[in-house]
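Below: the structure, in structure tokens.
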Amino acid sequence: MRRRDVMAMIATAAAWPVLARAQHHIPRVGVLWHAGDEDGETPYFGSLLEGFAELGYTNGKIELIHRFPNEKPEAFRAMAAELVTLSPDVLIGVGGAAPYVKQATSTIPMVFMYGADSIGTKLVESIRHPGGNATGLTDFGLELAGKRLEFLKEALPNLSKVALMLNPANPISKFYTSQTNEAASKLNLSCKPYPVGTLDGIEPAFDTMVTDGMEAVVINSESLFFLGKKRIAALALARKLPTCGSVKEVLEAGTLISYGPDQRLIARRTAYYVDRILKGEKPADMPVEQPTRFQLCVNLTTAKALGLTMPPTLLAQADEVIE
């Protein structure tokens, strides 16, 4: 065998480990949640994993790096920065965590899950052409504010004063306030915001609502309030305040009405967006996905406890009724 052929064989053999590593690259995906642990993200944590499994990312075919900041702004910032240093292939920012991920990197591709106002929070330049390194799935939180008030008004025809629970630490709260006030004026409702920045602040806020003579409560699509959903439902019931939330899971905890998209489906669809990026698509060219179907759910158990009779017209519109 000629020396040239021997050297070629040696070079090829040396390249085998590199080629093997390239062929068996396990994608790394960093996920910044908002709760303090996996249980606090139920059922969406499981839904995201289901989404990856449906696409074949099982049995060690993907590495998911989860971080749980427990609703602490300093932890959001620190954990977003930490995930960036780990050089993942893609980052996921869940709800209010997304802006922190966006601030931490302008180069690593990211997918946001539940971006209520992705343009207003500067995650993307536009829905159709995101630009930059981010894209994702919106839960249409802002646009649904008016419908939630409409359903409350239908359930309570004499309703006049509504409390709006919001988290002042979340930049999107100002958009919720303006959207809700605009809708309230059309329904001849008086709407007052009640800032709640911690779980411990929920009960004092409800006490103030009672003092102010509020007659019902709208709960923003907000990760803090998702964590406190059982506490909110119990406090509202004890104070005889009907509540309207944004997702079915909050209704299952005891609120009266919920109206919004299927959040579990959005979590599963997030994996699909990550998969597209891993296969070479650029976030800048991937339009933000918006929900097309919304769920109206009514909790008759809560209605009975509040001494309310839900109008047949409202029940006829409901996708699900809990009895």
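A note on labels: chains of the structure tokens are A, B, ... as shown, every chain counts residues from 1, and ligands are counted from 1 in their shown order.
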If you run DSSP on the backbone here, which positions in range 45-250 of chain A get strand (DSSP E or B)? Please write them as an MDAnalysis selection string.
chainID A and resid 63:67 90:94 110:113 134:137 161:166 190:195 216:219 243:245
Could you name the residues that touch range 267-274 of chain A at 7 Å or less, counting only C-alpha atoms, but leaving out those on the same chain fewer than 4 positions away, as a PyMOL selection string?
chain A and resi 44+47-48+50-52+90+111+113+136-137+263+278
Alpha helix (DSSP H) residues, from DSSP on the backbone, in range 10-207 of chain A, as a ChimeraX atom specification:
/A:10-23,44-54,73-85,98-104,145-155,173-186,202-207
What are the closest atom pairs, with distances in Å to one decimal, for each residue of range 211-308 of chain A lying within 9 Å of range 127-130 of chain A, using only C-alpha atoms, rows by chain and rising residue number, as a Markdown table?
```
| residue | atom | partner | partner_atom | distance |
| --- | --- | --- | --- | --- |
| A:Pro283 | CA | A:Pro130 | CA | 7.0 |
| A:Ala284 | CA | A:Pro130 | CA | 4.9 |
| A:Asp285 | CA | A:His129 | CA | 5.8 |
| A:Met286 | CA | A:His129 | CA | 6.8 |
| A:Pro287 | CA | A:Arg128 | CA | 4.4 |
| A:Val288 | CA | A:Ile127 | CA | 5.1 |
| A:Glu289 | CA | A:Ile127 | CA | 7.9 |
| A:Gln290 | CA | A:Ile127 | CA | 8.8 |
```
Within 12 Å of range 97-103 of chain A, which residues of range 189-306 of chain A show up? Give each one with its shortest atom-to-atom distance in Å (one decimal) and the two atoms involved, counting only C-alpha atoms, rows by chain then rising residue number, as CSV.
```
residue,atom,partner,partner_atom,distance
A:Glu222,CA,A:Ala97,CA,11.0
A:Ser223,CA,A:Ala97,CA,9.2
A:Leu224,CA,A:Ala97,CA,11.3
```
Shell around Asn181 in chain A at 12 Å using only C-alpha atoms, local window under 6 positions removed, as a list in words
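Result of the neighbour search: Leu142, Ala145, Gly146, Leu149, Lys161, Val162, Ala163, Leu164, Lys174, Phe175, Leu187, Asn188, Leu189, Ser190, Cys191, Lys192, Pro193 and Val218 of chain A.
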